Structure formats: C-alpha cells, structure tokens
file work34.txt (compact mmCIF, C-alpha atoms and all ligand atoms)
# COMPACT_ATOMS: atom_id res chain seq x y z
CA MET A 1 -14.39 5.29 -13.96
CA THR A 2 -10.78 5.88 -13.02
CA MET A 3 -10.14 6.10 -9.28
CA THR A 4 -7.79 8.74 -7.95
CA LEU A 5 -5.06 7.71 -5.54
CA LEU A 6 -7.07 9.30 -2.72
CA ASP A 7 -10.18 7.32 -3.74
CA ILE A 8 -8.10 4.14 -3.62
CA MET A 9 -6.65 5.02 -0.21
CA ARG A 10 -10.14 5.64 1.15
CA THR A 11 -11.55 2.37 -0.18
CA SER A 12 -10.32 0.26 2.72
CA ALA A 13 -8.88 1.10 6.10
CA VAL A 14 -5.87 -1.10 5.50
CA ILE A 15 -3.76 -1.85 2.43
CA PRO A 16 -2.09 -5.24 2.81
CA VAL A 17 1.56 -5.34 1.77
CA ILE A 18 1.81 -8.65 -0.06
CA ALA A 19 4.81 -10.76 -1.09
CA ILE A 20 3.95 -13.78 -3.23
CA ASP A 21 6.41 -16.66 -2.84
CA GLU A 22 4.40 -19.17 -4.91
CA ILE A 23 2.41 -17.93 -7.89
CA GLU A 24 -0.35 -20.48 -7.14
CA HIS A 25 -1.13 -18.52 -3.99
CA ALA A 26 -1.87 -15.25 -5.80
CA VAL A 27 -5.50 -15.77 -6.83
CA PRO A 28 -6.78 -17.56 -3.70
CA LEU A 29 -5.07 -14.95 -1.53
CA ALA A 30 -6.68 -12.09 -3.45
CA ARG A 31 -10.08 -13.81 -3.23
CA ALA A 32 -9.66 -14.36 0.52
CA LEU A 33 -8.79 -10.70 1.14
CA VAL A 34 -11.62 -9.38 -1.03
CA ALA A 35 -14.05 -11.75 0.72
CA GLY A 36 -13.01 -10.11 3.99
CA GLY A 37 -13.65 -6.61 2.63
CA ILE A 38 -10.04 -5.74 1.77
CA ARG A 39 -10.10 -4.76 -1.90
CA VAL A 40 -6.98 -2.66 -2.32
CA LEU A 41 -3.98 -4.98 -2.60
CA GLU A 42 -0.35 -3.87 -2.75
CA VAL A 43 1.66 -6.61 -4.42
CA THR A 44 5.36 -6.05 -3.90
CA LEU A 45 8.15 -6.70 -6.35
CA ARG A 46 10.17 -8.33 -3.56
CA THR A 47 9.75 -11.79 -5.02
CA LYS A 48 10.29 -12.99 -8.56
CA HIS A 49 6.53 -13.56 -8.94
CA GLY A 50 5.56 -9.93 -8.35
CA LEU A 51 4.51 -9.00 -11.88
CA ASP A 52 2.80 -12.35 -12.59
CA ALA A 53 0.94 -12.06 -9.28
CA ILE A 54 -0.27 -8.56 -10.18
CA LYS A 55 -1.57 -9.91 -13.48
CA ALA A 56 -3.36 -12.84 -11.85
CA MET A 57 -4.80 -10.88 -8.92
CA SER A 58 -6.05 -8.06 -11.17
CA ALA A 59 -8.48 -10.56 -12.69
CA VAL A 60 -10.08 -11.28 -9.29
CA GLU A 61 -13.46 -9.58 -9.08
CA GLY A 62 -13.48 -6.64 -6.70
CA ALA A 63 -9.69 -6.45 -6.36
CA ILE A 64 -7.92 -3.13 -6.91
CA VAL A 65 -4.31 -4.14 -7.41
CA GLY A 66 -1.27 -1.94 -7.07
CA VAL A 67 2.44 -2.57 -7.17
CA GLY A 68 4.67 -2.12 -4.15
CA THR A 69 8.39 -1.80 -3.49
CA LEU A 70 8.93 0.23 -6.66
CA THR A 71 12.58 1.22 -6.44
CA LYS A 72 13.67 1.33 -10.10
CA PRO A 73 12.23 3.46 -12.91
CA GLU A 74 11.88 0.56 -15.36
CA GLU A 75 9.47 -1.19 -12.99
CA PHE A 76 6.71 1.39 -13.49
CA ALA A 77 5.69 0.58 -17.06
CA ALA A 78 6.11 -3.16 -16.45
CA ALA A 79 3.78 -3.04 -13.45
CA ARG A 80 1.25 -0.88 -15.27
CA ASP A 81 1.28 -3.31 -18.19
CA ALA A 82 0.75 -6.21 -15.76
CA GLY A 83 -2.43 -4.50 -14.55
CA ALA A 84 -1.36 -2.40 -11.56
CA VAL A 85 -3.54 0.69 -11.13
CA PHE A 86 -1.34 2.40 -8.53
CA GLY A 87 2.20 2.14 -7.24
CA VAL A 88 3.92 2.42 -3.87
CA SER A 89 7.60 3.12 -3.30
CA PRO A 90 9.59 3.23 -0.06
CA GLY A 91 11.10 6.58 -1.06
CA LEU A 92 11.24 9.11 -3.88
CA THR A 93 14.04 9.96 -6.29
CA PRO A 94 14.18 12.14 -9.44
CA ALA A 95 14.25 8.99 -11.61
CA LEU A 96 11.15 7.59 -9.91
CA ILE A 97 9.32 10.91 -10.31
CA ALA A 98 10.08 10.84 -14.05
CA ALA A 99 8.97 7.21 -14.35
CA ALA A 100 5.74 7.88 -12.48
CA LYS A 101 4.94 10.78 -14.77
CA SER A 102 5.83 9.00 -18.01
CA SER A 103 4.05 5.75 -17.11
CA GLY A 104 0.93 7.50 -15.84
CA LEU A 105 0.87 5.14 -12.84
CA PRO A 106 -0.43 7.04 -9.78
CA LEU A 107 2.36 6.85 -7.20
CA LEU A 108 2.22 6.80 -3.41
CA PRO A 109 5.82 7.64 -2.55
CA GLY A 110 7.51 6.98 0.75
CA VAL A 111 8.71 9.85 2.95
CA MET A 112 10.14 10.02 6.46
CA THR A 113 10.93 13.68 7.22
CA PRO A 114 9.23 17.08 6.82
CA SER A 115 11.75 18.03 4.12
CA GLU A 116 10.86 14.88 2.19
CA VAL A 117 7.16 15.68 2.54
CA MET A 118 7.82 19.17 1.16
CA ALA A 119 10.02 17.90 -1.68
CA ALA A 120 7.35 15.34 -2.69
CA ARG A 121 4.62 17.98 -2.51
CA GLU A 122 6.64 20.29 -4.76
CA GLN A 123 6.56 17.52 -7.34
CA GLY A 124 2.78 17.23 -7.08
CA PHE A 125 2.55 14.29 -4.67
CA LYS A 126 0.03 15.06 -1.93
CA GLN A 127 -0.71 11.49 -0.89
CA LEU A 128 2.32 9.94 0.77
CA LYS A 129 3.38 6.79 2.53
CA LEU A 130 5.05 7.51 5.88
CA PHE A 131 7.70 4.81 5.91
CA PRO A 132 8.82 3.22 8.12
CA ALA A 133 5.94 4.70 10.09
CA VAL A 134 6.59 3.54 13.64
CA PRO A 135 10.40 3.92 13.62
CA ALA A 136 9.87 7.39 12.04
CA GLY A 137 7.79 8.50 15.02
CA GLY A 138 4.35 7.05 14.35
CA ILE A 139 1.33 8.89 15.68
CA GLY A 140 3.34 11.67 17.33
CA MET A 141 5.17 12.32 14.07
CA LEU A 142 1.95 12.44 12.01
CA ASN A 143 0.33 14.85 14.47
CA ALA A 144 3.42 17.06 14.43
CA ILE A 145 3.52 17.12 10.61
CA TYR A 146 -0.17 18.03 10.47
CA GLY A 147 0.59 21.42 12.02
CA PRO A 148 2.72 22.92 9.23
CA LEU A 149 1.84 20.48 6.41
CA SER A 150 -1.89 19.87 6.79
CA ASP A 151 -2.63 19.44 3.08
CA VAL A 152 -0.99 16.05 2.65
CA MET A 153 -2.60 12.69 3.40
CA PHE A 154 -0.68 9.68 4.58
CA CYS A 155 -0.76 5.92 4.42
CA PRO A 156 1.57 5.14 7.32
CA THR A 157 3.21 1.74 6.88
CA GLY A 158 5.86 -0.16 8.79
CA GLY A 159 5.42 -1.52 12.28
CA ILE A 160 1.60 -1.16 12.40
CA SER A 161 -0.62 -4.00 13.63
CA GLN A 162 -4.31 -4.79 14.01
CA ASP A 163 -4.01 -3.48 17.58
CA THR A 164 -2.45 -0.13 16.71
CA ALA A 165 -4.04 0.60 13.32
CA SER A 166 -7.22 2.16 14.72
CA GLN A 167 -5.22 4.85 16.53
CA PHE A 168 -3.58 5.84 13.25
CA LEU A 169 -6.94 5.85 11.46
CA THR A 170 -8.36 8.50 13.78
CA LEU A 171 -5.75 11.07 12.63
CA LYS A 172 -6.91 13.83 10.27
CA ASN A 173 -3.98 13.27 7.89
CA VAL A 174 -4.30 9.49 7.66
CA ALA A 175 -6.44 8.02 4.85
CA CYS A 176 -5.48 4.39 5.43
CA VAL A 177 -2.63 2.35 6.85
CA GLY A 178 -0.47 -0.33 5.27
CA GLY A 179 0.79 -3.53 6.78
CA SER A 180 1.91 -7.06 6.24
CA TRP A 181 -0.05 -8.53 9.15
CA LEU A 182 -3.00 -9.42 6.92
CA THR A 183 -1.00 -12.00 5.03
CA PRO A 184 0.83 -14.24 7.52
CA LYS A 185 3.27 -16.48 5.69
CA ASP A 186 2.22 -19.59 7.60
CA ALA A 187 -1.46 -19.13 6.68
CA ILE A 188 -0.56 -18.64 3.01
CA ALA A 189 1.76 -21.67 2.97
CA ALA A 190 -0.98 -23.79 4.57
CA GLY A 191 -3.62 -22.49 2.15
CA ASP A 192 -5.64 -21.35 5.17
CA TRP A 193 -7.68 -18.82 3.18
CA GLN A 194 -10.43 -18.68 5.80
CA ARG A 195 -7.91 -17.37 8.33
CA ILE A 196 -6.86 -14.66 5.86
CA THR A 197 -10.51 -13.72 5.29
CA ASP A 198 -11.05 -13.50 9.05
CA ILE A 199 -8.01 -11.24 9.48
CA ALA A 200 -9.21 -9.12 6.54
CA LYS A 201 -12.69 -8.80 8.09
CA ALA A 202 -11.19 -7.56 11.34
CA ALA A 203 -8.98 -5.09 9.44
CA SER A 204 -11.73 -3.78 7.18
CA GLY A 205 -13.90 -3.17 10.24
CA LEU A 206 -11.31 -0.85 11.79
CA ARG A 207 -12.83 2.32 10.38
C1 LIG A 301 6.37 -2.18 3.80
O1 LIG A 301 7.16 -2.67 3.05
O2 LIG A 301 5.56 -1.34 3.43
C2 LIG A 301 6.51 -2.58 5.20
O3 LIG A 301 7.65 -3.37 5.33
C3 LIG A 301 5.38 -3.31 5.80
O4 LIG A 301 5.62 -3.15 7.14
P1 LIG A 301 5.14 -4.18 8.24
O5 LIG A 301 5.70 -5.52 7.82
O6 LIG A 301 5.73 -3.67 9.52
O7 LIG A 301 3.64 -4.17 8.23

call {"tool": "encode", "arguments": {"input": "work34.txt", "output": "structure tokens"}}
result
Amino acid sequence: MTMTLLDIMRTSAVIPVIAIDEIEHAVPLARALVAGGIRVLEVTLRTKHGLDAIKAMSAVEGAIVGVGTLTKPEEFAAARDAGAVFGVSPGLTPALIAAAKSSGLPLLPGVMTPSEVMAAREQGFKQLKLFPAVPAGGIGMLNAIYGPLSDVMFCPTGGISQDTASQFLTLKNVACVGGSWLTPKDAIAAGDWQRITDIAKAASGLR
C-alpha cells in the first residue's frame, strides 16, 4: 500500500534529518532509529554518500526512507531510483515542481512566508516544511498562518530540539517536526547506537 505524504508525516512525531559521513554508518543508524520507534528517515544529499545511504537504509526493516536537501531537479529521479519514497527540499522553484511531478516522488517543499505557502498550495502542495522554522518565527508564525491558511499542514524544521518539539506538536497545523538532534555526530562516529535508540525513544514518545 502506498503511503501518502500526510500518512508518512503522521507516522512519527519527529523526522530525523540525517547526513551520512561514512557509508558504514547508514544501516546501523537506521536500525538504531527504527528500534527507538523513529521509522521515517530523511537522508540528506549533503554528503557524497547520500544516494548510497538511501539505498542501504531502505533495506532496513521498518524504515521509511526519504531524501532531503533536494535542491536540483536531476536529484529527484536519482533519489527515487535509490529507494526514496518521499523528498524534502529547503525551498520550491519551478524546476523542482516539474521534477517532483515528472519523477512521481511526493515532495515536502520548504516555505518561509505566507506568499510562499500560497504559491506552493497553488501548485498542489498542501504539506509543507516550514524552514528554517525557529528563525522564521516558530510557534507564533505557525499559529498566525493557521488563521488565513488553515488547510496546509507543516513539518517545521530548523532550530527545534527535544525540549521544544512537543510545543510544536500541539499545533493544529503541525503533523510532525524535523530535526538533526536525533543523530549527534559524536554518537554516530563512536558507533554508540544505543544512545541513538534512546534519543529516538524519547523523540517518538513526544506525541
Ligand atoms: C534541515 O536541514 O532541515 C535543518 O538544518 C535541520 O535543522 P536543525 O539542525 O536545527 O535540526
């Protein structure tokens, strides 16, 4: 059964934003997150291992792997072919809209202003990433947007932590939040997968 983007966003309270520096870390990291109840994994294309990591992590049982930091149209088909089932971009451009449509990869595009929300909605995108969420205005901004634009759902990302995530998750227009705090670089480098599982457990219990 194919999951919609909204289904995916509602699967876990938090979507970890992952950057894989060493490809050997991909599978144990995915297993550690899934063991902690975090199944939706956003693997960014910020490192050279992005696509290989998506491929490897997609094979981990229970993992729902998407691609993050999509900024170029040619990345859509490559990520889909690597196994990504959704995509996240920091913004939205006409070329990215075309690539999302032609690749069939469900896209969670980044927005930061009401005009950007409206422009994305006109193109059929009703699930959006508020990015960078805290610098953009955070909870106050999301509440203000809900007034005139109540039919869009957000995954705010950028500047959110375990301590602040639960406040975001109480908002009517927030389906999940994104963040990099679930994958501390020192824990990954040390292979401390239990620590990652513990962080994931705390995050998945937020809702
Ligand atoms: C992202 O790329 O989505 C954000 O940089 C993640 O933001 P954070 O590091 O503040 O969680």

call {"tool": "atom_distance", "arguments": {"input": "work34.txt", "atom1": "CA of Ser161 in chain A", "atom2": "CA of Ala100 in chain A"}}
result
29.4 Å

call {"tool": "atom_distance", "arguments": {"input": "work34.txt", "atom1": "CA of Ala79 in chain A", "atom2": "CA of Pro106 in chain A"}}
result
11.5 Å

call {"tool": "atom_distance", "arguments": {"input": "work34.txt", "atom1": "CA of Ala136 in chain A", "atom2": "CA of Asp21 in chain A"}}
result
28.5 Å

call {"tool": "closest_residue", "arguments": {"input": "work34.txt", "among": "A:Tyr146, A:Phe86, A:Trp193, A:Phe131", "to": "ligand LIG 301 (chain A)", "atoms": "all atoms listed in the file"}}
result
A:Phe131

call {"tool": "residues_around", "arguments": {"input": "work34.txt", "residues": "Leu171 in chain A", "least_positions_apart": "5", "cutoff": "10 Å", "atoms": "only C-alpha atoms", "output": "list in words"}}
result
Ile139, Leu142, Asn143, Tyr146, Met153, Phe154, Ser166 and Cys176 of chain A

call {"tool": "closest_atom_pairs", "arguments": {"input": "work34.txt", "of": "chain A", "to": "ligand LIG 301 (chain A)", "cutoff": "6 Å", "atoms": "only C-alpha atoms and all ligand atoms", "output": "JSON lines"}}
result
{"residue": "A:Val17", "atom": "CA", "partner": "A:LIG301", "partner_atom": "O2", "distance": 5.9}
{"residue": "A:Thr157", "atom": "CA", "partner": "A:LIG301", "partner_atom": "O2", "distance": 5.2}
{"residue": "A:Gly158", "atom": "CA", "partner": "A:LIG301", "partner_atom": "O4", "distance": 3.4}
{"residue": "A:Gly159", "atom": "CA", "partner": "A:LIG301", "partner_atom": "O6", "distance": 3.5}
{"residue": "A:Ile160", "atom": "CA", "partner": "A:LIG301", "partner_atom": "O7", "distance": 5.5}
{"residue": "A:Gly179", "atom": "CA", "partner": "A:LIG301", "partner_atom": "O7", "distance": 3.3}
{"residue": "A:Ser180", "atom": "CA", "partner": "A:LIG301", "partner_atom": "O7", "distance": 3.9}
{"residue": "A:Trp181", "atom": "CA", "partner": "A:LIG301", "partner_atom": "O7", "distance": 5.8}

call {"tool": "closest_residue", "arguments": {"input": "work34.txt", "among": "A:Ile15, A:Arg39, A:Gly191, A:Ile20", "to": "Ala165 in chain A", "atoms": "only C-alpha atoms"}}
result
A:Ile15

call {"tool": "axis_aligned_box", "arguments": {"input": "work34.txt", "around": "range 50-69 of chain A", "padding_each_side": "6 Å", "output": "AutoDock Vina command-line options"}}
result
--center_x -2.5 --center_y -7.3 --center_z -8.5 --size_x 33.9 --size_y 23.0 --size_z 22.0

call {"tool": "residues_around", "arguments": {"input": "work34.txt", "residues": "Gly178 in chain A", "least_positions_apart": "4", "cutoff": "12 Å", "atoms": "only C-alpha atoms", "output": "PyMOL selection string"}}
result
chain A and resi 9+12-18+38+40-43+68+88+90+108+110+128-134+154-162+164-166+168-169+174+182-183+203-204

call {"tool": "write_last_selection", "arguments": {"input": "work34.txt", "atoms": "C-alpha atoms", "output": "mmCIF file, keeping the file's coordinate frame"}}
result
data_model
loop_
_atom_site.group_PDB
_atom_site.id
_atom_site.type_symbol
_atom_site.label_atom_id
_atom_site.label_comp_id
_atom_site.auth_asym_id
_atom_site.auth_seq_id
_atom_site.Cartn_x
_atom_site.Cartn_y
_atom_site.Cartn_z
ATOM 1 C CA MET A 9 -6.650 5.020 -0.210
ATOM 2 C CA SER A 12 -10.320 0.260 2.720
ATOM 3 C CA ALA A 13 -8.880 1.100 6.100
ATOM 4 C CA VAL A 14 -5.870 -1.100 5.500
ATOM 5 C CA ILE A 15 -3.760 -1.850 2.430
ATOM 6 C CA PRO A 16 -2.090 -5.240 2.810
ATOM 7 C CA VAL A 17 1.560 -5.340 1.770
ATOM 8 C CA ILE A 18 1.810 -8.650 -0.060
ATOM 9 C CA ILE A 38 -10.040 -5.740 1.770
ATOM 10 C CA VAL A 40 -6.980 -2.660 -2.320
ATOM 11 C CA LEU A 41 -3.980 -4.980 -2.600
ATOM 12 C CA GLU A 42 -0.350 -3.870 -2.750
ATOM 13 C CA VAL A 43 1.660 -6.610 -4.420
ATOM 14 C CA GLY A 68 4.670 -2.120 -4.150
ATOM 15 C CA VAL A 88 3.920 2.420 -3.870
ATOM 16 C CA PRO A 90 9.590 3.230 -0.060
ATOM 17 C CA LEU A 108 2.220 6.800 -3.410
ATOM 18 C CA GLY A 110 7.510 6.980 0.750
ATOM 19 C CA LEU A 128 2.320 9.940 0.770
ATOM 20 C CA LYS A 129 3.380 6.790 2.530
ATOM 21 C CA LEU A 130 5.050 7.510 5.880
ATOM 22 C CA PHE A 131 7.700 4.810 5.910
ATOM 23 C CA PRO A 132 8.820 3.220 8.120
ATOM 24 C CA ALA A 133 5.940 4.700 10.090
ATOM 25 C CA VAL A 134 6.590 3.540 13.640
ATOM 26 C CA PHE A 154 -0.680 9.680 4.580
ATOM 27 C CA CYS A 155 -0.760 5.920 4.420
ATOM 28 C CA PRO A 156 1.570 5.140 7.320
ATOM 29 C CA THR A 157 3.210 1.740 6.880
ATOM 30 C CA GLY A 158 5.860 -0.160 8.790
ATOM 31 C CA GLY A 159 5.420 -1.520 12.280
ATOM 32 C CA ILE A 160 1.600 -1.160 12.400
ATOM 33 C CA SER A 161 -0.620 -4.000 13.630
ATOM 34 C CA GLN A 162 -4.310 -4.790 14.010
ATOM 35 C CA THR A 164 -2.450 -0.130 16.710
ATOM 36 C CA ALA A 165 -4.040 0.600 13.320
ATOM 37 C CA SER A 166 -7.220 2.160 14.720
ATOM 38 C CA PHE A 168 -3.580 5.840 13.250
ATOM 39 C CA LEU A 169 -6.940 5.850 11.460
ATOM 40 C CA VAL A 174 -4.300 9.490 7.660
ATOM 41 C CA LEU A 182 -3.000 -9.420 6.920
ATOM 42 C CA THR A 183 -1.000 -12.000 5.030
ATOM 43 C CA ALA A 203 -8.980 -5.090 9.440
ATOM 44 C CA SER A 204 -11.730 -3.780 7.180
#

call {"tool": "closest_residue", "arguments": {"input": "work34.txt", "among": "A:Ile97, A:Met112, A:Asp198, A:Leu51", "to": "Ala84 in chain A", "atoms": "all atoms listed in the file"}}
result
A:Leu51

call {"tool": "closest_residue", "arguments": {"input": "work34.txt", "among": "A:Lys201, A:Lys185, A:Arg195, A:Arg207", "to": "Gln167 in chain A", "atoms": "all atoms listed in the file"}}
result
A:Arg207

call {"tool": "closest_residue", "arguments": {"input": "work34.txt", "among": "A:Gly147, A:Pro94, A:Gly104, A:Pro135", "to": "Ala119 in chain A", "atoms": "all atoms listed in the file"}}
result
A:Pro94

call {"tool": "residues_around", "arguments": {"input": "work34.txt", "residues": "range 71-75 of chain A", "least_positions_apart": "4", "cutoff": "7 Å", "atoms": "all atoms listed in the file", "output": "ChimeraX atom specification"}}
result
/A:79,89,95-96,99

call {"tool": "closest_residue", "arguments": {"input": "work34.txt", "among": "A:Ala19, A:Val177, A:Ile196, A:Ala187", "to": "Ala35 in chain A", "atoms": "only C-alpha atoms"}}
result
A:Ile196
